[in-house]
>>> print(open('model_17.pdb').read())   # PDB, C-alpha atoms
ATOM      1  CA  MET A   1      23.691  29.083 -38.858  1.00  0.00           C
ATOM      2  CA  PRO A   2      23.943  32.920 -39.088  1.00  0.00           C
ATOM      3  CA  ASP A   3      25.864  32.597 -42.347  1.00  0.00           C
ATOM      4  CA  PHE A   4      23.282  30.127 -43.653  1.00  0.00           C
ATOM      5  CA  TRP A   5      20.349  32.333 -42.646  1.00  0.00           C
ATOM      6  CA  GLU A   6      21.922  35.290 -44.443  1.00  0.00           C
ATOM      7  CA  GLN A   7      22.334  33.254 -47.623  1.00  0.00           C
ATOM      8  CA  VAL A   8      18.702  32.158 -47.543  1.00  0.00           C
ATOM      9  CA  GLU A   9      17.446  35.667 -46.766  1.00  0.00           C
ATOM     10  CA  ALA A  10      19.477  36.993 -49.694  1.00  0.00           C
ATOM     11  CA  LEU A  11      17.243  34.928 -51.977  1.00  0.00           C
ATOM     12  CA  ASP A  12      14.269  37.229 -51.306  1.00  0.00           C
ATOM     13  CA  SER A  13      12.485  37.929 -54.607  1.00  0.00           C
ATOM     14  CA  HIS A  14      14.749  35.391 -56.340  1.00  0.00           C
ATOM     15  CA  VAL A  15      13.053  32.171 -55.174  1.00  0.00           C
ATOM     16  CA  ASP A  16       9.601  31.294 -53.914  1.00  0.00           C
ATOM     17  CA  ALA A  17       8.994  32.171 -50.256  1.00  0.00           C
ATOM     18  CA  HIS A  18       7.849  28.613 -49.560  1.00  0.00           C
ATOM     19  CA  THR A  19      11.237  27.347 -50.705  1.00  0.00           C
ATOM     20  CA  GLN A  20      12.974  29.703 -48.275  1.00  0.00           C
ATOM     21  CA  VAL A  21      10.709  28.600 -45.428  1.00  0.00           C
ATOM     22  CA  ASP A  22      11.432  24.937 -46.178  1.00  0.00           C
ATOM     23  CA  MET A  23      15.174  25.657 -46.083  1.00  0.00           C
ATOM     24  CA  PHE A  24      14.834  27.411 -42.723  1.00  0.00           C
ATOM     25  CA  ILE A  25      12.892  24.428 -41.395  1.00  0.00           C
ATOM     26  CA  ASP A  26      15.627  22.028 -42.550  1.00  0.00           C
ATOM     27  CA  ALA A  27      18.196  24.136 -40.702  1.00  0.00           C
ATOM     28  CA  ARG A  28      16.069  24.406 -37.581  1.00  0.00           C
ATOM     29  CA  ARG A  29      15.598  20.634 -37.528  1.00  0.00           C
ATOM     30  CA  LEU A  30      19.377  20.129 -37.717  1.00  0.00           C
ATOM     31  CA  VAL A  31      19.964  22.595 -34.871  1.00  0.00           C
ATOM     32  CA  GLU A  32      17.285  21.006 -32.672  1.00  0.00           C
ATOM     33  CA  ARG A  33      18.562  17.459 -33.196  1.00  0.00           C
ATOM     34  CA  SER A  34      22.165  18.477 -32.603  1.00  0.00           C
ATOM     35  CA  THR A  35      21.247  20.406 -29.474  1.00  0.00           C
ATOM     36  CA  ARG A  36      19.358  17.447 -28.020  1.00  0.00           C
ATOM     37  CA  TRP A  37      22.294  15.166 -28.821  1.00  0.00           C
ATOM     38  CA  LEU A  38      24.790  17.478 -27.117  1.00  0.00           C
ATOM     39  CA  ILE A  39      22.620  17.901 -24.033  1.00  0.00           C
ATOM     40  CA  ARG A  40      22.284  14.128 -23.658  1.00  0.00           C
ATOM     41  CA  ALA A  41      25.981  13.503 -24.260  1.00  0.00           C
ATOM     42  CA  ARG A  42      27.243  16.392 -22.103  1.00  0.00           C
ATOM     43  CA  GLN A  43      24.819  16.305 -19.206  1.00  0.00           C
ATOM     44  CA  ARG A  44      27.045  18.054 -16.651  1.00  0.00           C
ATOM     45  CA  SER A  45      28.389  20.923 -18.730  1.00  0.00           C
ATOM     46  CA  ILE A  46      29.283  21.832 -22.303  1.00  0.00           C
ATOM     47  CA  ASP A  47      32.651  23.392 -23.047  1.00  0.00           C
ATOM     48  CA  ILE A  48      31.712  25.176 -26.253  1.00  0.00           C
ATOM     49  CA  ALA A  49      35.238  25.758 -27.544  1.00  0.00           C
ATOM     50  CA  ALA A  50      36.258  22.137 -26.912  1.00  0.00           C
ATOM     51  CA  THR A  51      33.054  20.850 -28.471  1.00  0.00           C
ATOM     52  CA  VAL A  52      33.581  22.898 -31.626  1.00  0.00           C
ATOM     53  CA  ALA A  53      37.175  21.696 -31.833  1.00  0.00           C
ATOM     54  CA  GLN A  54      36.052  18.078 -31.506  1.00  0.00           C
ATOM     55  CA  PHE A  55      33.301  18.089 -34.113  1.00  0.00           C
ATOM     56  CA  ALA A  56      34.220  20.804 -36.636  1.00  0.00           C
ATOM     57  CA  PRO A  57      36.755  18.715 -38.619  1.00  0.00           C
ATOM     58  CA  GLY A  58      34.293  15.863 -39.029  1.00  0.00           C
ATOM     59  CA  ALA A  59      31.484  18.217 -39.990  1.00  0.00           C
ATOM     60  CA  ALA A  60      33.642  19.845 -42.651  1.00  0.00           C
ATOM     61  CA  LEU A  61      34.788  16.481 -44.009  1.00  0.00           C
ATOM     62  CA  LEU A  62      31.301  15.031 -44.109  1.00  0.00           C
ATOM     63  CA  ALA A  63      29.742  18.107 -45.711  1.00  0.00           C
ATOM     64  CA  SER A  64      32.383  18.064 -48.455  1.00  0.00           C
ATOM     65  CA  SER A  65      32.029  14.308 -49.040  1.00  0.00           C
ATOM     66  CA  LEU A  66      28.296  14.188 -49.673  1.00  0.00           C
ATOM     67  CA  PRO A  67      26.632  12.471 -51.373  1.00  0.00           C
ATOM     68  CA  GLU A  68      29.515  10.073 -52.138  1.00  0.00           C
ATOM     69  CA  LEU A  69      29.649   8.643 -48.606  1.00  0.00           C
ATOM     70  CA  LEU A  70      25.923   7.955 -48.449  1.00  0.00           C
ATOM     71  CA  ASP A  71      24.293   4.602 -49.054  1.00  0.00           C
ATOM     72  CA  VAL A  72      22.028   4.163 -52.074  1.00  0.00           C
ATOM     73  CA  GLU A  73      18.670   5.310 -50.672  1.00  0.00           C
ATOM     74  CA  ASP A  74      20.075   8.267 -48.769  1.00  0.00           C
ATOM     75  CA  ARG A  75      22.026   9.320 -51.849  1.00  0.00           C
ATOM     76  CA  ARG A  76      18.836   9.252 -53.877  1.00  0.00           C
ATOM     77  CA  ALA A  77      17.119  11.391 -51.244  1.00  0.00           C
ATOM     78  CA  TRP A  78      20.043  13.846 -51.334  1.00  0.00           C
ATOM     79  CA  GLU A  79      19.903  14.055 -55.116  1.00  0.00           C
ATOM     80  CA  ALA A  80      16.119  14.505 -55.135  1.00  0.00           C
ATOM     81  CA  ARG A  81      16.247  17.310 -52.572  1.00  0.00           C
ATOM     82  CA  LYS A  82      19.068  19.103 -54.359  1.00  0.00           C
ATOM     83  CA  SER A  83      17.293  18.751 -57.702  1.00  0.00           C
ATOM     84  CA  THR A  84      14.147  20.297 -56.233  1.00  0.00           C
ATOM     85  CA  LEU A  85      16.117  23.244 -54.873  1.00  0.00           C
ATOM     86  CA  ASP A  86      18.037  23.641 -58.138  1.00  0.00           C
ATOM     87  CA  ARG A  87      14.775  23.898 -60.064  1.00  0.00           C
ATOM     88  CA  ALA A  88      13.526  26.464 -57.555  1.00  0.00           C
ATOM     89  CA  GLY A  89      16.507  28.687 -58.372  1.00  0.00           C
ATOM     90  CA  VAL A  90      18.618  28.080 -55.247  1.00  0.00           C
ATOM     91  CA  PRO A  91      22.375  28.443 -55.939  1.00  0.00           C
ATOM     92  CA  PRO A  92      24.008  24.997 -56.348  1.00  0.00           C
ATOM     93  CA  GLU A  93      26.334  25.241 -53.324  1.00  0.00           C
ATOM     94  CA  LEU A  94      23.516  26.313 -51.021  1.00  0.00           C
ATOM     95  CA  ALA A  95      21.205  23.648 -52.449  1.00  0.00           C
ATOM     96  CA  ALA A  96      23.844  20.986 -51.733  1.00  0.00           C
ATOM     97  CA  ARG A  97      24.237  22.256 -48.175  1.00  0.00           C
ATOM     98  CA  VAL A  98      20.515  22.007 -47.497  1.00  0.00           C
ATOM     99  CA  ALA A  99      20.241  18.582 -49.143  1.00  0.00           C
ATOM    100  CA  GLY A 100      22.986  17.317 -46.841  1.00  0.00           C
ATOM    101  CA  MET A 101      21.511  18.584 -43.572  1.00  0.00           C
ATOM    102  CA  PRO A 102      19.678  15.357 -42.663  1.00  0.00           C
ATOM    103  CA  SER A 103      22.931  13.403 -43.074  1.00  0.00           C
ATOM    104  CA  VAL A 104      25.358  15.919 -41.551  1.00  0.00           C
ATOM    105  CA  PHE A 105      23.708  15.381 -38.165  1.00  0.00           C
ATOM    106  CA  ALA A 106      25.369  11.939 -38.102  1.00  0.00           C
ATOM    107  CA  VAL A 107      28.796  13.579 -37.711  1.00  0.00           C
ATOM    108  CA  LEU A 108      28.223  13.760 -33.949  1.00  0.00           C
ATOM    109  CA  ASP A 109      27.978   9.983 -33.686  1.00  0.00           C
ATOM    110  CA  ILE A 110      30.668   9.439 -36.307  1.00  0.00           C
ATOM    111  CA  ALA A 111      33.158  11.602 -34.405  1.00  0.00           C
ATOM    112  CA  GLU A 112      32.414   9.734 -31.180  1.00  0.00           C
ATOM    113  CA  VAL A 113      33.006   6.388 -32.875  1.00  0.00           C
ATOM    114  CA  ALA A 114      36.225   7.671 -34.428  1.00  0.00           C
ATOM    115  CA  ASP A 115      37.477   8.722 -30.991  1.00  0.00           C
ATOM    116  CA  ALA A 116      36.483   5.381 -29.445  1.00  0.00           C
ATOM    117  CA  THR A 117      38.048   3.193 -32.147  1.00  0.00           C
ATOM    118  CA  GLY A 118      41.039   5.272 -33.230  1.00  0.00           C
ATOM    119  CA  ARG A 119      39.839   5.105 -36.835  1.00  0.00           C
ATOM    120  CA  GLY A 120      39.800   7.929 -39.350  1.00  0.00           C
ATOM    121  CA  LEU A 121      36.645   9.977 -39.789  1.00  0.00           C
ATOM    122  CA  GLU A 122      36.154   9.005 -43.427  1.00  0.00           C
ATOM    123  CA  ALA A 123      36.508   5.285 -42.685  1.00  0.00           C
ATOM    124  CA  VAL A 124      34.015   5.563 -39.832  1.00  0.00           C
ATOM    125  CA  ALA A 125      31.560   7.543 -41.964  1.00  0.00           C
ATOM    126  CA  SER A 126      31.739   4.982 -44.767  1.00  0.00           C
ATOM    127  CA  VAL A 127      30.956   2.113 -42.406  1.00  0.00           C
ATOM    128  CA  TYR A 128      28.262   4.103 -40.600  1.00  0.00           C
ATOM    129  CA  PHE A 129      26.273   4.999 -43.695  1.00  0.00           C
ATOM    130  CA  ARG A 130      26.632   1.658 -45.459  1.00  0.00           C
ATOM    131  CA  LEU A 131      25.693  -0.233 -42.326  1.00  0.00           C
ATOM    132  CA  GLY A 132      22.492   1.790 -42.145  1.00  0.00           C
ATOM    133  CA  GLY A 133      21.480   0.451 -45.527  1.00  0.00           C
ATOM    134  CA  ARG A 134      22.629  -3.128 -44.985  1.00  0.00           C
ATOM    135  CA  LEU A 135      20.765  -3.573 -41.678  1.00  0.00           C
ATOM    136  CA  GLN A 136      17.663  -1.617 -42.775  1.00  0.00           C
ATOM    137  CA  LEU A 137      18.344   1.018 -40.119  1.00  0.00           C
ATOM    138  CA  ASP A 138      17.733   3.789 -42.647  1.00  0.00           C
ATOM    139  CA  TRP A 139      14.363   2.294 -43.533  1.00  0.00           C
ATOM    140  CA  LEU A 140      13.468   2.103 -39.847  1.00  0.00           C
ATOM    141  CA  ARG A 141      14.593   5.714 -39.332  1.00  0.00           C
ATOM    142  CA  ASP A 142      12.315   6.894 -42.122  1.00  0.00           C
ATOM    143  CA  ARG A 143       9.319   5.000 -40.730  1.00  0.00           C
ATOM    144  CA  ILE A 144       9.894   6.564 -37.305  1.00  0.00           C
ATOM    145  CA  ALA A 145      10.067   9.990 -38.941  1.00  0.00           C
ATOM    146  CA  GLU A 146       6.622   9.354 -40.454  1.00  0.00           C
ATOM    147  CA  LEU A 147       4.966   8.743 -37.080  1.00  0.00           C
ATOM    148  CA  PRO A 148       2.274  11.278 -36.152  1.00  0.00           C
ATOM    149  CA  ARG A 149       3.106  14.065 -33.727  1.00  0.00           C
ATOM    150  CA  ALA A 150      -0.290  15.698 -33.293  1.00  0.00           C
ATOM    151  CA  ASN A 151       0.252  16.153 -29.572  1.00  0.00           C
ATOM    152  CA  ARG A 152       3.086  16.398 -27.063  1.00  0.00           C
ATOM    153  CA  TRP A 153       3.080  12.703 -26.153  1.00  0.00           C
ATOM    154  CA  GLN A 154       3.199  11.528 -29.742  1.00  0.00           C
ATOM    155  CA  ALA A 155       6.075  13.909 -30.402  1.00  0.00           C
ATOM    156  CA  LEU A 156       7.958  12.677 -27.329  1.00  0.00           C
ATOM    157  CA  ALA A 157       7.417   9.024 -28.262  1.00  0.00           C
ATOM    158  CA  ARG A 158       8.616   9.662 -31.800  1.00  0.00           C
ATOM    159  CA  SER A 159      11.681  11.518 -30.541  1.00  0.00           C
ATOM    160  CA  ALA A 160      12.533   8.744 -28.073  1.00  0.00           C
ATOM    161  CA  LEU A 161      12.373   6.070 -30.771  1.00  0.00           C
ATOM    162  CA  ARG A 162      14.536   8.118 -33.110  1.00  0.00           C
ATOM    163  CA  ASP A 163      17.122   8.790 -30.405  1.00  0.00           C
ATOM    164  CA  ASP A 164      17.218   5.094 -29.501  1.00  0.00           C
ATOM    165  CA  LEU A 165      17.777   4.147 -33.130  1.00  0.00           C
ATOM    166  CA  PHE A 166      20.606   6.644 -33.581  1.00  0.00           C
ATOM    167  CA  SER A 167      22.265   5.323 -30.432  1.00  0.00           C
ATOM    168  CA  LEU A 168      21.998   1.735 -31.681  1.00  0.00           C
ATOM    169  CA  HIS A 169      23.295   2.711 -35.115  1.00  0.00           C
ATOM    170  CA  ARG A 170      26.344   4.344 -33.532  1.00  0.00           C
ATOM    171  CA  ALA A 171      27.013   1.333 -31.303  1.00  0.00           C
ATOM    172  CA  LEU A 172      26.700  -1.120 -34.203  1.00  0.00           C
ATOM    173  CA  ALA A 173      29.097   0.903 -36.330  1.00  0.00           C
ATOM    174  CA  GLN A 174      31.552   0.847 -33.445  1.00  0.00           C
ATOM    175  CA  GLU A 175      31.224  -2.940 -33.167  1.00  0.00           C
ATOM    176  CA  VAL A 176      31.944  -3.376 -36.883  1.00  0.00           C
ATOM    177  CA  LEU A 177      35.035  -1.159 -36.702  1.00  0.00           C
ATOM    178  CA  ARG A 178      36.350  -2.856 -33.588  1.00  0.00           C
ATOM    179  CA  GLY A 179      35.920  -6.188 -35.325  1.00  0.00           C
ATOM    180  CA  ALA A 180      38.307  -4.943 -38.012  1.00  0.00           C
ATOM    181  CA  GLY A 181      41.034  -4.626 -35.430  1.00  0.00           C
ATOM    182  CA  GLY A 182      40.722  -0.980 -34.489  1.00  0.00           C
ATOM    183  CA  ALA A 183      43.915   0.086 -36.242  1.00  0.00           C
ATOM    184  CA  PRO A 184      43.637   3.430 -38.055  1.00  0.00           C
ATOM    185  CA  GLY A 185      44.515   1.918 -41.407  1.00  0.00           C
ATOM    186  CA  ALA A 186      42.807  -1.425 -41.021  1.00  0.00           C
ATOM    187  CA  GLY A 187      39.949  -2.389 -43.312  1.00  0.00           C
ATOM    188  CA  ALA A 188      39.773   0.677 -45.501  1.00  0.00           C
ATOM    189  CA  ASN A 189      36.999  -0.961 -47.517  1.00  0.00           C
ATOM    190  CA  ALA A 190      33.749  -0.386 -45.630  1.00  0.00           C
ATOM    191  CA  GLU A 191      31.873  -3.079 -47.519  1.00  0.00           C
ATOM    192  CA  ALA A 192      34.559  -5.654 -46.707  1.00  0.00           C
ATOM    193  CA  GLU A 193      34.470  -4.750 -43.017  1.00  0.00           C
ATOM    194  CA  ILE A 194      30.690  -5.022 -42.887  1.00  0.00           C
ATOM    195  CA  ASP A 195      30.804  -8.327 -44.787  1.00  0.00           C
ATOM    196  CA  ALA A 196      33.292  -9.755 -42.280  1.00  0.00           C
ATOM    197  CA  TRP A 197      31.228  -8.573 -39.301  1.00  0.00           C
ATOM    198  CA  THR A 198      28.023  -9.938 -40.855  1.00  0.00           C
ATOM    199  CA  ARG A 199      29.600 -13.348 -41.356  1.00  0.00           C
ATOM    200  CA  ALA A 200      30.847 -13.407 -37.773  1.00  0.00           C
ATOM    201  CA  ASN A 201      27.345 -12.579 -36.531  1.00  0.00           C
ATOM    202  CA  ALA A 202      25.342 -14.392 -39.196  1.00  0.00           C
ATOM    203  CA  ALA A 203      22.658 -15.885 -36.941  1.00  0.00           C
ATOM    204  CA  ALA A 204      21.948 -12.632 -35.096  1.00  0.00           C
ATOM    205  CA  VAL A 205      21.914 -10.610 -38.320  1.00  0.00           C
ATOM    206  CA  GLU A 206      19.512 -13.042 -39.952  1.00  0.00           C
ATOM    207  CA  ARG A 207      17.128 -12.888 -36.971  1.00  0.00           C
ATOM    208  CA  SER A 208      17.123  -9.107 -37.113  1.00  0.00           C
ATOM    209  CA  ARG A 209      16.567  -9.021 -40.858  1.00  0.00           C
ATOM    210  CA  SER A 210      13.774 -11.582 -40.603  1.00  0.00           C
ATOM    211  CA  MET A 211      11.919  -9.600 -37.945  1.00  0.00           C
ATOM    212  CA  LEU A 212      12.275  -6.339 -39.856  1.00  0.00           C
ATOM    213  CA  SER A 213      11.081  -8.050 -43.041  1.00  0.00           C
ATOM    214  CA  ASP A 214       8.021  -9.362 -41.176  1.00  0.00           C
ATOM    215  CA  ILE A 215       7.215  -5.860 -39.939  1.00  0.00           C
ATOM    216  CA  ARG A 216       7.692  -4.417 -43.418  1.00  0.00           C
ATOM    217  CA  ALA A 217       5.310  -7.045 -44.802  1.00  0.00           C
ATOM    218  CA  THR A 218       2.542  -5.963 -42.415  1.00  0.00           C
ATOM    219  CA  ARG A 219       2.736  -2.393 -43.742  1.00  0.00           C
ATOM    220  CA  ILE A 220       1.729  -1.256 -40.264  1.00  0.00           C
ATOM    221  CA  PHE A 221       4.321   1.163 -38.914  1.00  0.00           C
ATOM    222  CA  ASP A 222       3.190   2.613 -35.607  1.00  0.00           C
ATOM    223  CA  LEU A 223       3.982   2.663 -31.890  1.00  0.00           C
ATOM    224  CA  THR A 224       3.184  -1.046 -31.636  1.00  0.00           C
ATOM    225  CA  THR A 225       5.402  -2.376 -34.436  1.00  0.00           C
ATOM    226  CA  LEU A 226       8.333   0.052 -34.523  1.00  0.00           C
ATOM    227  CA  PRO A 227       9.391  -0.481 -30.885  1.00  0.00           C
ATOM    228  CA  VAL A 228       9.484  -4.220 -31.667  1.00  0.00           C
ATOM    229  CA  ALA A 229      11.800  -3.487 -34.572  1.00  0.00           C
ATOM    230  CA  LEU A 230      14.057  -1.432 -32.312  1.00  0.00           C
ATOM    231  CA  ARG A 231      14.153  -4.208 -29.746  1.00  0.00           C
ATOM    232  CA  GLU A 232      15.345  -6.601 -32.435  1.00  0.00           C
ATOM    233  CA  VAL A 233      18.126  -4.203 -33.448  1.00  0.00           C
ATOM    234  CA  ARG A 234      19.094  -3.935 -29.765  1.00  0.00           C
ATOM    235  CA  ASN A 235      19.186  -7.738 -29.531  1.00  0.00           C
ATOM    236  CA  LEU A 236      21.470  -7.807 -32.565  1.00  0.00           C
ATOM    237  CA  LEU A 237      23.851  -5.395 -30.868  1.00  0.00           C
ATOM    238  CA  GLN A 238      23.865  -7.399 -27.640  1.00  0.00           C
ATOM    239  CA  ASP A 239      24.470 -10.683 -29.457  1.00  0.00           C
ATOM    240  CA  ALA A 240      27.295  -9.147 -31.491  1.00  0.00           C
ATOM    241  CA  ALA A 241      28.924  -7.699 -28.370  1.00  0.00           C
ATOM    242  CA  GLU A 242      28.841 -11.102 -26.676  1.00  0.00           C
ATOM    243  CA  ILE A 243      30.419 -12.802 -29.681  1.00  0.00           C
ATOM    244  CA  SER A 244      33.203 -10.221 -29.942  1.00  0.00           C
TER     245      SER A 244
END
>>> encode(input="model_17.pdb", output="structure tokens")
Amino acid sequence: MPDFWEQVEALDSHVDAHTQVDMFIDARRLVERSTRWLIRARQRSIDIAATVAQFAPGAALLASSLPELLDVEDRRAWEARKSTLDRAGVPPELAARVAGMPSVFAVLDIAEVADATGRGLEAVASVYFRLGGRLQLDWLRDRIAELPRANRWQALARSALRDDLFSLHRALAQEVLRGAGGAPGAGANAEAEIDAWTRANAAAVERSRSMLSDIRATRIFDLTTLPVALREVRNLLQDAAEIS
């Protein structure tokens, strides 16, 4: 972050101050989410050097592979954000870095899945992002992000739902990759792996999709409907684990 902050500060008098503030907020959000993730995953202690060594390669790979690895909607969001920053006068490389911050956070889960399955980081990332689109997890993530946080309890509830969804997304990606055999070179085509997993779990996937479609049709996305959607995703994971 120090390097990033310096680059943004160097834009003083070159871009609008509101643009700089928005970029700082994007970075702060990434730091906060990553910190919470690390604290949950490393509850006893955090070996900083070992943690950097574990996640740095994946972070570098993911940052350099955006937006190509992203699914359709997330790629559109990346392109829209970068275009906005480009028009504001932000240098292209810095604009791309900011546009990728919402997605780079996923490297923590992606690296964990890679370690658990023995698969390459790029293969895991491809499955992870495409699965988010196929199972409507990205849509659900965005609806959770839109929840109000006018007070501490609303903010905590929103954070809990988001953390639960990320955990389920990671676990589902791991199930898909394990279903491909777990070999480092197996199933290089993410779409083919997801297709095979979806066929093997057709009934559970259809139930999940049906429930999410019903919730989408209501156009009511709050703390009554979104937890129901998460429960259905959790049921999908449990059913898939039993089948495998």
>>> residues_around(input="model_17.pdb", residues="Asp86 (chain A)", least_positions_apart="2", cutoff="12 Å", atoms="all atoms listed in the file", output="PyMOL selection string")
chain A and resi 15+19+79-84+88-99
>>> residues_around(input="model_17.pdb", residues="region 145-156 of chain A", least_positions_apart="3", cutoff="12 Å", atoms="all atoms listed in the file", output="number ranges by chain")
A: 102, 138-142, 159-163, 165, 220-227
>>> residues_around(input="model_17.pdb", residues="Arg28 (chain A)", least_positions_apart="5", cutoff="12 Å", atoms="all atoms listed in the file", output="list in words")
Met1, Pro2, Phe4, Trp5, Val21, Asp22, Met23, Arg33, Ser34, Thr35, Val98, Met101, Pro102 and Phe105 of chain A
>>> residues_around(input="model_17.pdb", residues="Leu236 (chain A)", least_positions_apart="3", cutoff="7 Å", atoms="all atoms listed in the file", output="PDB file with C-alpha atoms, keeping the file's coordinate frame")
ATOM      1  CA  ALA A 204      21.948 -12.632 -35.096  1.00  0.00           C
ATOM      2  CA  VAL A 205      21.914 -10.610 -38.320  1.00  0.00           C
ATOM      3  CA  SER A 208      17.123  -9.107 -37.113  1.00  0.00           C
ATOM      4  CA  GLU A 232      15.345  -6.601 -32.435  1.00  0.00           C
ATOM      5  CA  VAL A 233      18.126  -4.203 -33.448  1.00  0.00           C
ATOM      6  CA  ASP A 239      24.470 -10.683 -29.457  1.00  0.00           C
ATOM      7  CA  ALA A 240      27.295  -9.147 -31.491  1.00  0.00           C
TER       8      ALA A 240
END
>>> closest_residue(input="model_17.pdb", among="A:Gly118, A:Asp109, A:Ser65, A:Ser13", to="Ala41 (chain A)", atoms="only C-alpha atoms")
A:Asp109
>>> atom_distance(input="model_17.pdb", atom1="CA of Gln174 (chain A)", atom2="CA of Tyr128 (chain A)")
8.5 Å
>>> closest_residue(input="model_17.pdb", among="A:Arg234, A:Arg87, A:Arg130, A:Arg29", to="Asp16 (chain A)", atoms="only C-alpha atoms")
A:Arg87
